[in-house]
Amino acid sequence: MRYFESEVIANRQITEDIFVLQVERCGAEAAAGQYYMLKSWDTELTLMRPISIFKAEPDALHFMYRTVGKGTAKMAELKPGDKLKLLGPAGNGYPCDQISGKVAVVGGGVGIPPLCETSKTLQAKGLSVDAYLGFRDVLFAVEDFEPWCSDIFVSTEKGEEGYRGFVTDLLKPENYDVVITCGPEVMMRKVAAMCAETGTTCYCSLEHRMACGIGACLGCSIRTKNGMKRVCKDGPVFLSTDLLW
Amino acid sequence: MRYFESEVIANRQITEDIFVLQVERCGAEAAAGQYYMLKSWDTELTLMRPISIFKAEPDALHFMYRTVGKGTAKMAELKPGDKLKLLGPAGNGYPCDQISGKVAVVGGGVGIPPLCETSKTLQAKGLSVDAYLGFRDVLFAVEDFEPWCSDIFVSTEKGEEGYRGFVTDLLKPENYDVVITCGPEVMMRKVAAMCAETGTTCYCSLEHRMACGIGACLGCSIRTKNGMKRVCKDGPVFLSTDLLW
Amino acid sequence: MNHNVNLAVKVAGVDFKNPLIAASGTFGFGEEYNELYDVGLLGGISSKGLTLHPKDGNEGIRVWETASGMMNSVGLQNPGVEAFIDHGIAQMRHFGNVLIANMGGHSMEDYITGATMLSNADIDMLELNISCPNVKSGGMAFGIKADVAKEVVGEVRKVCAKPLIVKLSPNAENIVDMALACEEAGADALSLVNTFQAMAIDIHKRKPVFNNVYAGLSGAAIKPIALRMVHSVCKKVQVPVIGIGGIYTAEDVLEFVMAGAAAVQIGTVNFNNPLAGADILDDLVHLCQKEGISDINEIRGIC
Amino acid sequence: MNHNVNLAVKVAGVDFKNPLIAASGTFGFGEEYNELYDVGLLGGISSKGLTLHPKDGNEGIRVWETASGMMNSVGLQNPGVEAFIDHGIAQMRHFGNVLIANMGGHSMEDYITGATMLSNADIDMLELNISCPNVKSGGMAFGIKADVAKEVVGEVRKVCAKPLIVKLSPNAENIVDMALACEEAGADALSLVNTFQAMAIDIHKRKPVFNNVYAGLSGAAIKPIALRMVHSVCKKVQVPVIGIGGIYTAEDVLEFVMAGAAAVQIGTVNFNNPLAGADILDDLVHLCQKEGISDINEIRGIC
Ligand SMILES: Cc1cc2nc3c(=O)[nH]c(=O)nc-3n(C[C@H](O)[C@H](O)[C@H](O)COP(=O)(O)OP(=O)(O)OC[C@H]3O[C@@H](n4cnc5c(N)ncnc54)[C@H](O)[C@@H]3O)c2cc1C
Ligand SMILES: Cc1cc2nc3c(=O)[nH]c(=O)nc-3n(C[C@H](O)[C@H](O)[C@H](O)COP(=O)(O)OP(=O)(O)OC[C@H]3O[C@@H](n4cnc5c(N)ncnc54)[C@H](O)[C@@H]3O)c2cc1C
Ligand SMILES: Cc1cc2nc3c(=O)[nH]c(=O)nc-3n(C[C@H](O)[C@H](O)[C@H](O)COP(=O)(O)O)c2cc1C
Ligand SMILES: Cc1cc2nc3c(=O)[nH]c(=O)nc-3n(C[C@H](O)[C@H](O)[C@H](O)COP(=O)(O)O)c2cc1C
Ligand code: FES
Ligand code: FES
């Protein structure tokens, strides 16, 4: 984990509110499911913002983010050549080494981007990965999963594209050895409950407001079966069976 | 006086810390010695910043400013096409209509820029204008005065260029009907005192920290012989004989 | 009605067409901002703080920017109550909205004499400032201890036939006790907060920035504290409360109303955006529509 | 010495190699930030706030950004005094700087028992937090009224053989009276300020953001108020004062020292810039050189 300055290579707008920021990698290991704290401001905003690794290439890190507030709006203004600060790679990431068999990644909204690097890592291990991607209305990132996934299932809430409804309607955990999920809490809870029924191993990547991002402030603590855990440092990935929700 | 958005045409760096910002004019009368409140931020900084009119062209306003703190540093980042907000033209400006005879403009540091538009206005009235421009070390704006001035006297503190010392050493108020001065307070006081001795009419353009810039907050009030006056609205130009300093 | 959203509120029997009031000391007597937009759009305007006698205000630097805020040490520069009655009121009447006379003081007698004069003049409400931190004698002293405040409010109440707002200082020892004391003493409404006593040092000069050493902090920086104070006061008093402190946006307005405020005042934001009054009002209509609020009175105090 | 600038300070008999201390609750027990830079560079570290028994802290959202600041409602999540003594101290000792144990409490007995245990352990100083606004019972109650504070400080003093810092709340009714009471009760030093009680509302949910409704405000936003409090306390007490509140830069450090602070703590800035400790220290050396300050102790209290 390092705090460093990096340079923007590209910052592409994908949909009305989804962007992909590509920055110089500047070394450092970075594993699927980990994230970086980012800031492209000085003290205009107090806190850095956590964004997951969407793609980790040898020379570049890619972040896919949705503009929802002041911080992400400032990120959206970044232009090639601009500088920004990164703190990371942070968090535990998915235990890809320990995963075997057939895997489903189940993502919703901006929970989808981290599953891309995850699919790639698992496919590289020789595992077969299916992706279940749930969107509100407009699709994004789907083509980024294609190289790494056997099957891709897509849903939108009103059926603009793909299945109409929730992506969890399409999932059959019993077909998989491991299910990995990231997205809105209601979605992850549903996935976890389905996996509990079938006894499928399920990893959830939690989102939580963070201040320090390195485990010092206890601003992101959650109660788990193993006591209080820091989402930023002990997570963001947890075994669904360890969670209390 | 209006509050409006304008677009940056150019923002040129002249010296290490002097810039000229050129923005679309968007109508409105603007007289020599007046200023605008500028902001190129939202609420990252609380207050707008007063900057004098350096040149008022039919389609463009030019501001010459020195980067001294957060606000001017943000202005320095502006690029062509960027938007900024202006409030103005503000203040009383120089009473060019009432001025006749031979005029000296005496400026120091970033008190120099407003004297450029002033010289132009007076020259256009057919008056003869001499400029006395005092710099710390590096010159700027001198060539901008050339079209409008009969003579230009320049000084730097250590004599890097022009006269070594203060520009007030060169001034002989008795040779002029009116002296107009803008710059550091010590310089203006000296000019005012010299003019008092020779009975020469002298106008001073005061600088003062401002909040509203339109006369509402009384954050910029000064005591004068005619009672409390608002630098932002009743000034920034005052007859030297009205000032108490 | 604005686009089917009712923004009209009533404070101490006085009708405001909307809950936005220009805060005292940041808006003069309204005429400067009226050059930029029709300030009659606002629910009301609270005048520059008046004192019985004219005042020149403080020497030295008067305004200083801070992180998301500013400090001021204007020191109640004003033309005095008499000049206000002779000229200011007529000017403010043109705008057609609620005219609030804000009055500070240095002594009990000044407060009583000033309030008597204003009460007989053509104002809609009197806002009694017991909290200005920028005058050396008196001033904030009245705003710190509840029993002292109670006395001055009680006396002013006796001579004031107009609806009486008491403006509280966040520097009060206990804001809730202070509010209760003022209510008991006869305040028809409370407004809070005034500025926080604060300090800045010029490290190059190695001296305090302000001649008076301390000055008043306002702006977005203080909003979370102001909101807490408004909320805790609203939970305890019966009279309406006007929320003040770092209100910059329509969202901020809703926060204060949800915390229990009957109306709000906007101060420092006017300097950041001289059209703030008009802009926030506009945004407020749209925000209410978006949030499904058809009458702003519905959400008052729901937090 | 760093480049001919002496930054070493002494607080209550304890030597600090420089006046920068990591503020309690923002720096854990130092080990996380030590992954980023050698936190032994700092003058000292104040531990996460300890309580006698382990605590899980508050439910719901715990941190929330505000204009130039943030609010927190961590609620003193900590492993308890015993676990700290068994594990935390050894860890912190590695850094080689001043080890301050910060302790909060819910009752007089907890304070006394905890202080007794810590006093017998290998810590350099005890910082008694009588001001945490994020615990429902006790906590801040001790930090509001001077006579209540005096009692708890007096009792802790009796059992504490280590230099005792009392950390004051800006929510105290009167910060100077509070400081004087704690000094009289035997505090060897004072540190101020803790966070300001504040509020945020989620207007979409129409509910307070924090489960506890109120939470503590920190960061640059509060600096001008914190500086005023430090200045006014320094003018009245004899014991050294540690300045805290929105310190982000070397310039801020000098402001607090000129206001009278013997040392300072940095909290929220660590989140904005995880290398803040190292960066501010660096800048401080250069700033002192530029300002012609050869010994930081020269300028203490010159304002
Ligand atoms: C480990 C982790 C990984 C993340 N990865 C991504 C990612 O890859 N792509 C992406 O678009 N977003 C991601 N997020 C969410 C992202 O951090 C927030 O959207 C961002 O911080 C919002 O900042 P803002 O200033 O734009 O919004 P703010 O103005 O702070 O808030 C706007 C809205 O965003 C919500 N929000 C703010 N901060 C958070 C937060 N930390 N967690 C959840 N919701 C928040 C608020 O509830 C609010 O409604 C991640 C969050 C975490 C904790
Ligand atoms: C009527 C008027 C016209 C002006 N015209 C020009 C101009 O044409 N070109 C130009 O470069 N500058 C001009 N100034 C000064 C300019 O407004 C300040 O330099 C600017 O506001 C500083 O903002 P900042 O955020 O960069 O500095 P800050 O961070 O606010 O302060 C940095 C330093 O600048 C000084 N300063 C800040 N604000 C003012 C102020 N309002 N007046 C004087 N000193 C200040 C401070 O003392 C401090 O040392 C003018 C000022 C006034 C009042
Ligand atoms: C420059 C300035 C002058 C002020 N003068 C007065 C005053 O005369 N009387 C008064 O009651 N409050 C005065 N105030 C306080 C404001 O009315 C308001 O209570 C405070 O600024 C907090 O609101 P804000 O954060 O929206 O500015 C003044 C504030 C500022 C910034
Ligand atoms: C997330 C967080 C947790 C905190 N926890 C504690 C604590 O446990 N004990 C304590 O005395 N102060 C605690 N504080 C207060 C800080 O130590 C400090 O007094 C306050 O934040 C003001 O300084 P700052 O503006 O530099 O952050 C905490 C502050 C924050 C932001
Ligand atoms: S964000 Fe600070 S501990 Fe997790
Ligand atoms: S700056 Fe507000 S009156 Fe001049």
# chains A, B, ... in the order shown; residues from 1 in each chain; ligands from 1
>>> residues_near_ligand(ligand="ligand 2", cutoff="7 Å", atoms="only C-alpha atoms and all ligand atoms", output="CSV table (one decimal) with C-alpha atoms, in the first residue's frame")
chain,number,residue,atom,x,y,z
B,35,TYR,CA,-13.0,46.6,-11.3
B,49,ARG,CA,-11.8,38.4,-5.8
B,50,PRO,CA,-11.6,42.0,-7.0
B,51,ILE,CA,-9.4,42.6,-10.1
B,52,SER,CA,-9.2,45.9,-11.9
B,53,ILE,CA,-9.9,46.5,-15.6
B,54,PHE,CA,-6.6,46.4,-17.4
B,63,PHE,CA,-7.3,41.5,-16.3
B,64,MET,CA,-3.7,41.5,-15.2
B,65,TYR,CA,-3.1,39.9,-11.9
B,66,ARG,CA,-0.4,38.6,-9.7
B,67,THR,CA,-0.7,35.1,-8.1
B,68,VAL,CA,-0.5,35.8,-4.4
B,69,GLY,CA,-2.9,33.2,-2.8
B,70,LYS,CA,-5.5,30.6,-3.4
B,71,GLY,CA,-7.9,32.7,-5.5
B,72,THR,CA,-5.4,34.0,-7.9
B,73,ALA,CA,-3.7,30.6,-8.1
B,110,VAL,CA,-0.4,45.3,-9.5
B,111,GLY,CA,-1.6,48.8,-9.1
B,113,PRO,CA,-2.7,47.5,-14.7
B,114,PRO,CA,-5.7,49.8,-14.0
B,206,LEU,CA,-7.4,52.1,-2.8
B,207,GLU,CA,-7.1,48.4,-2.2
B,208,HIS,CA,-9.0,46.8,0.6
B,209,ARG,CA,-10.2,43.3,1.5
B,210,MET,CA,-13.7,42.9,0.2
B,232,CYS,CA,-16.0,48.8,-3.1
B,236,PRO,CA,-12.0,52.5,-5.0
C,65,GLU,CA,-11.7,34.3,4.3
>>> interface_residues(of="chain C", to="chain D", cutoff="9 Å", atoms="only C-alpha atoms", output="PyMOL selection string")
chain C and resi 66-69+71+171-174+196-204+206-208+213-214+217+220-229+231+251-252+254-256+258-259+291+299+302-303
>>> closest_residue(among="D:Lys158, D:Arg62, D:His94, D:Lys17", to="Phe210 of chain D", atoms="only C-alpha atoms")
D:Arg62
>>> residues_around(residues="Cys204 of chain B", least_positions_apart="2", cutoff="7 Å", atoms="only C-alpha atoms", output="list in words")
Ile180, Thr181, Cys182, Met188, Cys202, Leu206, Val237, Phe238, Leu239 and Ser240 of chain B
>>> write_last_selection(atoms="all heavy atoms", output="short mmCIF file (atom, residue, chain, number, x, y, z; two decimals), in the first residue's frame")
data_model
loop_
_atom_site.label_atom_id
_atom_site.label_comp_id
_atom_site.auth_asym_id
_atom_site.auth_seq_id
_atom_site.Cartn_x
_atom_site.Cartn_y
_atom_site.Cartn_z
N ILE B 180 -2.62 60.61 -10.91
CA ILE B 180 -3.50 59.47 -10.61
C ILE B 180 -2.61 58.34 -10.14
O ILE B 180 -1.64 58.00 -10.81
CB ILE B 180 -4.26 59.05 -11.88
CG1 ILE B 180 -5.30 60.12 -12.23
CG2 ILE B 180 -4.89 57.69 -11.72
CD1 ILE B 180 -6.06 59.82 -13.51
N THR B 181 -2.92 57.77 -8.99
CA THR B 181 -2.01 56.75 -8.48
C THR B 181 -2.73 55.51 -7.98
O THR B 181 -3.86 55.59 -7.47
CB THR B 181 -1.09 57.35 -7.37
OG1 THR B 181 -0.18 56.34 -6.93
CG2 THR B 181 -1.89 57.84 -6.17
N CYS B 182 -2.07 54.39 -8.18
CA CYS B 182 -2.62 53.10 -7.75
C CYS B 182 -1.44 52.20 -7.44
O CYS B 182 -0.53 52.06 -8.25
CB CYS B 182 -3.49 52.50 -8.86
SG CYS B 182 -4.34 51.01 -8.35
N MET B 188 1.27 55.27 -2.51
CA MET B 188 0.19 56.25 -2.75
C MET B 188 0.24 57.38 -1.73
O MET B 188 -0.02 58.54 -2.05
CB MET B 188 -1.17 55.56 -2.74
CG MET B 188 -1.35 54.62 -3.93
SD MET B 188 -3.08 54.17 -4.19
CE MET B 188 -3.36 53.08 -2.83
N CYS B 202 -4.90 65.02 -6.90
CA CYS B 202 -4.39 63.64 -6.88
C CYS B 202 -5.52 62.66 -6.55
O CYS B 202 -6.23 62.83 -5.57
CB CYS B 202 -3.28 63.53 -5.85
SG CYS B 202 -2.71 61.86 -5.55
N LEU B 206 -7.74 52.87 -3.93
CA LEU B 206 -7.42 52.07 -2.76
C LEU B 206 -7.67 50.59 -2.99
O LEU B 206 -8.56 50.20 -3.73
CB LEU B 206 -8.25 52.53 -1.55
CG LEU B 206 -8.06 53.97 -1.12
CD1 LEU B 206 -8.62 54.16 0.28
CD2 LEU B 206 -6.62 54.40 -1.16
N VAL B 237 -11.71 54.71 -6.10
CA VAL B 237 -10.98 55.93 -6.36
C VAL B 237 -11.45 57.04 -5.43
O VAL B 237 -12.65 57.29 -5.32
CB VAL B 237 -11.16 56.37 -7.83
CG1 VAL B 237 -10.48 57.71 -8.08
CG2 VAL B 237 -10.62 55.30 -8.77
N PHE B 238 -10.49 57.69 -4.77
CA PHE B 238 -10.80 58.80 -3.87
C PHE B 238 -9.85 59.95 -4.17
O PHE B 238 -8.71 59.74 -4.58
CB PHE B 238 -10.62 58.38 -2.41
CG PHE B 238 -11.60 57.34 -1.95
CD1 PHE B 238 -11.28 55.98 -2.03
CD2 PHE B 238 -12.84 57.71 -1.44
CE1 PHE B 238 -12.19 55.01 -1.61
CE2 PHE B 238 -13.74 56.74 -1.02
CZ PHE B 238 -13.43 55.40 -1.10
N LEU B 239 -10.34 61.16 -3.96
CA LEU B 239 -9.46 62.32 -4.01
C LEU B 239 -8.51 62.21 -2.82
O LEU B 239 -8.95 61.95 -1.70
CB LEU B 239 -10.29 63.60 -3.84
CG LEU B 239 -10.59 64.43 -5.09
CD1 LEU B 239 -11.42 65.64 -4.69
CD2 LEU B 239 -9.30 64.85 -5.80
N SER B 240 -7.24 62.39 -3.06
CA SER B 240 -6.28 62.20 -1.96
C SER B 240 -6.60 63.09 -0.78
O SER B 240 -6.37 62.71 0.37
CB SER B 240 -4.86 62.48 -2.45
OG SER B 240 -4.73 63.85 -2.79
#
>>> interface_residues(of="chain D", to="chain A", cutoff="8 Å", atoms="only C-alpha atoms", output="compact mmCIF listing (two decimals) with N, CA, C and O atoms, in the first residue's frame")
# COMPACT_ATOMS: atom_id res chain seq x y z
N GLY D 25 -7.88 8.82 17.71
CA GLY D 25 -9.03 8.37 16.94
C GLY D 25 -8.85 8.50 15.45
O GLY D 25 -9.64 7.96 14.68
N THR D 26 -7.82 9.22 15.05
CA THR D 26 -7.61 9.40 13.61
C THR D 26 -6.40 8.62 13.14
O THR D 26 -6.10 8.61 11.96
N PHE D 27 -5.72 7.96 14.07
CA PHE D 27 -4.42 7.38 13.75
C PHE D 27 -4.28 5.97 14.31
O PHE D 27 -3.20 5.40 14.30
N GLY D 28 -5.40 5.40 14.77
CA GLY D 28 -5.35 4.06 15.35
C GLY D 28 -4.29 4.02 16.44
O GLY D 28 -4.21 4.91 17.29
N PHE D 29 -3.47 2.96 16.40
CA PHE D 29 -2.32 2.89 17.30
C PHE D 29 -1.05 3.09 16.49
O PHE D 29 0.03 2.65 16.86
N GLY D 30 -1.21 3.72 15.34
CA GLY D 30 -0.05 4.13 14.54
C GLY D 30 0.40 3.15 13.48
O GLY D 30 1.07 3.53 12.53
N GLU D 32 -1.03 1.45 11.03
CA GLU D 32 -1.48 1.55 9.64
C GLU D 32 -0.71 2.66 8.92
O GLU D 32 -0.22 2.47 7.81
N TYR D 33 -0.63 3.83 9.54
CA TYR D 33 0.11 4.92 8.88
C TYR D 33 1.59 4.61 8.78
O TYR D 33 2.28 5.11 7.89
N GLU D 35 2.81 2.02 7.76
CA GLU D 35 3.05 1.34 6.48
C GLU D 35 3.37 2.36 5.39
O GLU D 35 3.96 2.03 4.37
N LEU D 36 2.94 3.60 5.60
CA LEU D 36 3.14 4.63 4.57
C LEU D 36 4.36 5.49 4.82
O LEU D 36 4.99 5.97 3.89
N ASP D 56 -17.74 -1.75 20.99
CA ASP D 56 -17.95 -1.97 19.56
C ASP D 56 -18.23 -0.67 18.82
O ASP D 56 -18.17 -0.62 17.59
N ILE D 61 -24.21 4.86 9.97
CA ILE D 61 -23.14 5.63 9.32
C ILE D 61 -22.27 6.26 10.39
O ILE D 61 -22.76 6.78 11.38
N ARG D 62 -20.96 6.18 10.19
CA ARG D 62 -20.03 6.71 11.19
C ARG D 62 -19.25 7.93 10.72
O ARG D 62 -18.68 8.64 11.55
N VAL D 63 -19.13 8.12 9.43
CA VAL D 63 -18.40 9.29 8.93
C VAL D 63 -19.19 9.95 7.81
O VAL D 63 -19.87 9.29 7.02
N TRP D 64 -19.09 11.27 7.74
CA TRP D 64 -19.88 12.04 6.78
C TRP D 64 -19.11 13.31 6.45
O TRP D 64 -18.70 14.03 7.37
N GLU D 65 -18.92 13.55 5.19
CA GLU D 65 -18.15 14.73 4.81
C GLU D 65 -19.01 15.99 4.86
O GLU D 65 -20.19 15.97 4.51
N THR D 66 -18.41 17.09 5.31
CA THR D 66 -19.10 18.39 5.32
C THR D 66 -18.17 19.42 4.67
O THR D 66 -17.03 19.09 4.34
N ALA D 67 -18.64 20.63 4.51
CA ALA D 67 -17.81 21.66 3.88
C ALA D 67 -16.53 21.86 4.69
O ALA D 67 -16.58 22.24 5.85
N SER D 68 -15.39 21.57 4.07
CA SER D 68 -14.08 21.69 4.71
C SER D 68 -13.99 20.95 6.05
O SER D 68 -13.27 21.37 6.95
N GLY D 69 -14.73 19.87 6.16
CA GLY D 69 -14.65 19.12 7.40
C GLY D 69 -15.33 17.78 7.27
O GLY D 69 -15.61 17.30 6.16
N MET D 70 -15.57 17.17 8.41
CA MET D 70 -16.27 15.89 8.41
C MET D 70 -16.91 15.71 9.78
O MET D 70 -16.55 16.37 10.75
N ASN D 72 -18.04 12.67 12.61
CA ASN D 72 -17.88 11.25 12.91
C ASN D 72 -18.69 10.87 14.12
O ASN D 72 -18.95 11.68 15.01
N SER D 73 -19.10 9.62 14.08
CA SER D 73 -19.82 9.04 15.19
C SER D 73 -19.30 7.61 15.36
O SER D 73 -20.04 6.65 15.22
N VAL D 74 -18.00 7.52 15.59
CA VAL D 74 -17.38 6.20 15.75
C VAL D 74 -17.84 5.59 17.07
O VAL D 74 -18.09 4.38 17.15
N GLN D 77 -15.14 2.94 19.53
CA GLN D 77 -14.82 1.53 19.31
C GLN D 77 -13.36 1.32 19.71
O GLN D 77 -12.47 2.04 19.22
N GLY D 219 -11.98 19.10 11.40
CA GLY D 219 -11.41 19.51 10.12
C GLY D 219 -11.23 21.02 10.00
O GLY D 219 -11.53 21.78 10.92
N THR D 268 -8.03 15.14 11.33
CA THR D 268 -8.72 14.94 10.06
C THR D 268 -7.80 15.05 8.85
O THR D 268 -8.01 14.36 7.84
N VAL D 269 -6.79 15.89 8.93
CA VAL D 269 -5.90 16.06 7.78
C VAL D 269 -5.25 14.74 7.37
O VAL D 269 -4.93 14.55 6.19
N ASN D 270 -5.08 13.81 8.30
CA ASN D 270 -4.52 12.51 7.94
C ASN D 270 -5.36 11.79 6.88
O ASN D 270 -4.84 10.99 6.12
N PHE D 271 -6.65 12.06 6.89
CA PHE D 271 -7.52 11.39 5.91
C PHE D 271 -7.41 12.08 4.55
O PHE D 271 -7.54 11.44 3.51
N ASN D 272 -7.19 13.38 4.57
CA ASN D 272 -7.06 14.11 3.32
C ASN D 272 -5.73 13.80 2.65
O ASN D 272 -5.63 13.71 1.43
N PRO D 274 -2.65 11.13 3.62
CA PRO D 274 -2.14 10.15 4.58
C PRO D 274 -0.68 10.39 4.97
O PRO D 274 -0.23 9.85 5.96
N LEU D 275 0.01 11.22 4.21
CA LEU D 275 1.39 11.57 4.59
C LEU D 275 1.45 12.91 5.31
O LEU D 275 2.52 13.50 5.46
>>> decode(residues="segment 121-172 of chain D", atoms="C-alpha atoms", output="PDB file, in the first residue's frame")
ATOM      1  CA  ALA D 121       1.723   0.683  32.305  1.00  0.00           C
ATOM      2  CA  ASP D 122       4.517   1.826  30.024  1.00  0.00           C
ATOM      3  CA  ILE D 123       2.939   4.985  28.657  1.00  0.00           C
ATOM      4  CA  ASP D 124       4.475   8.465  28.609  1.00  0.00           C
ATOM      5  CA  MET D 125       1.342  10.505  29.166  1.00  0.00           C
ATOM      6  CA  LEU D 126      -2.334   9.973  29.797  1.00  0.00           C
ATOM      7  CA  GLU D 127      -4.790  12.090  27.814  1.00  0.00           C
ATOM      8  CA  LEU D 128      -8.108  12.124  29.574  1.00  0.00           C
ATOM      9  CA  ASN D 129     -10.927  12.613  27.102  1.00  0.00           C
ATOM     10  CA  ILE D 130     -13.804  14.214  28.966  1.00  0.00           C
ATOM     11  CA  SER D 131     -15.315  15.389  25.757  1.00  0.00           C
ATOM     12  CA  CYS D 132     -16.350  12.684  23.361  1.00  0.00           C
ATOM     13  CA  PRO D 133     -19.749  13.650  22.008  1.00  0.00           C
ATOM     14  CA  ASN D 134     -20.425  10.240  20.548  1.00  0.00           C
ATOM     15  CA  VAL D 135     -21.291   8.140  23.522  1.00  0.00           C
ATOM     16  CA  LYS D 136     -24.733   8.383  24.942  1.00  0.00           C
ATOM     17  CA  SER D 137     -24.132   8.084  28.637  1.00  0.00           C
ATOM     18  CA  GLY D 138     -21.398  10.046  30.339  1.00  0.00           C
ATOM     19  CA  GLY D 139     -18.665  11.037  27.922  1.00  0.00           C
ATOM     20  CA  MET D 140     -19.355  14.589  26.988  1.00  0.00           C
ATOM     21  CA  ALA D 141     -21.412  15.214  30.108  1.00  0.00           C
ATOM     22  CA  PHE D 142     -18.109  15.470  31.943  1.00  0.00           C
ATOM     23  CA  GLY D 143     -16.879  17.981  29.444  1.00  0.00           C
ATOM     24  CA  ILE D 144     -19.704  20.528  29.598  1.00  0.00           C
ATOM     25  CA  LYS D 145     -19.816  21.816  33.136  1.00  0.00           C
ATOM     26  CA  ALA D 146     -16.624  22.908  34.855  1.00  0.00           C
ATOM     27  CA  ASP D 147     -17.552  21.565  38.288  1.00  0.00           C
ATOM     28  CA  VAL D 148     -18.301  18.080  36.944  1.00  0.00           C
ATOM     29  CA  ALA D 149     -15.015  18.060  35.051  1.00  0.00           C
ATOM     30  CA  LYS D 150     -13.142  19.214  38.098  1.00  0.00           C
ATOM     31  CA  GLU D 151     -14.372  16.288  40.074  1.00  0.00           C
ATOM     32  CA  VAL D 152     -13.419  13.622  37.562  1.00  0.00           C
ATOM     33  CA  VAL D 153     -10.036  15.211  36.849  1.00  0.00           C
ATOM     34  CA  GLY D 154      -9.343  15.436  40.570  1.00  0.00           C
ATOM     35  CA  GLU D 155     -10.113  11.763  41.087  1.00  0.00           C
ATOM     36  CA  VAL D 156      -8.055  10.658  38.121  1.00  0.00           C
ATOM     37  CA  ARG D 157      -5.209  12.862  39.253  1.00  0.00           C
ATOM     38  CA  LYS D 158      -5.049  10.963  42.526  1.00  0.00           C
ATOM     39  CA  VAL D 159      -4.464   7.632  40.811  1.00  0.00           C
ATOM     40  CA  CYS D 160      -2.343   8.847  37.911  1.00  0.00           C
ATOM     41  CA  ALA D 161       1.405   9.016  38.404  1.00  0.00           C
ATOM     42  CA  LYS D 162       1.991   9.857  34.745  1.00  0.00           C
ATOM     43  CA  PRO D 163       1.767  13.363  33.273  1.00  0.00           C
ATOM     44  CA  LEU D 164      -1.929  14.011  32.861  1.00  0.00           C
ATOM     45  CA  ILE D 165      -3.356  15.839  29.850  1.00  0.00           C
ATOM     46  CA  VAL D 166      -7.041  16.704  29.988  1.00  0.00           C
ATOM     47  CA  LYS D 167      -8.700  16.995  26.586  1.00  0.00           C
ATOM     48  CA  LEU D 168     -11.418  19.620  26.506  1.00  0.00           C
ATOM     49  CA  SER D 169     -14.602  19.776  24.538  1.00  0.00           C
ATOM     50  CA  PRO D 170     -15.434  22.912  22.543  1.00  0.00           C
ATOM     51  CA  ASN D 171     -18.985  22.255  23.655  1.00  0.00           C
ATOM     52  CA  ALA D 172     -18.042  23.253  27.199  1.00  0.00           C
TER      53      ALA D 172
END
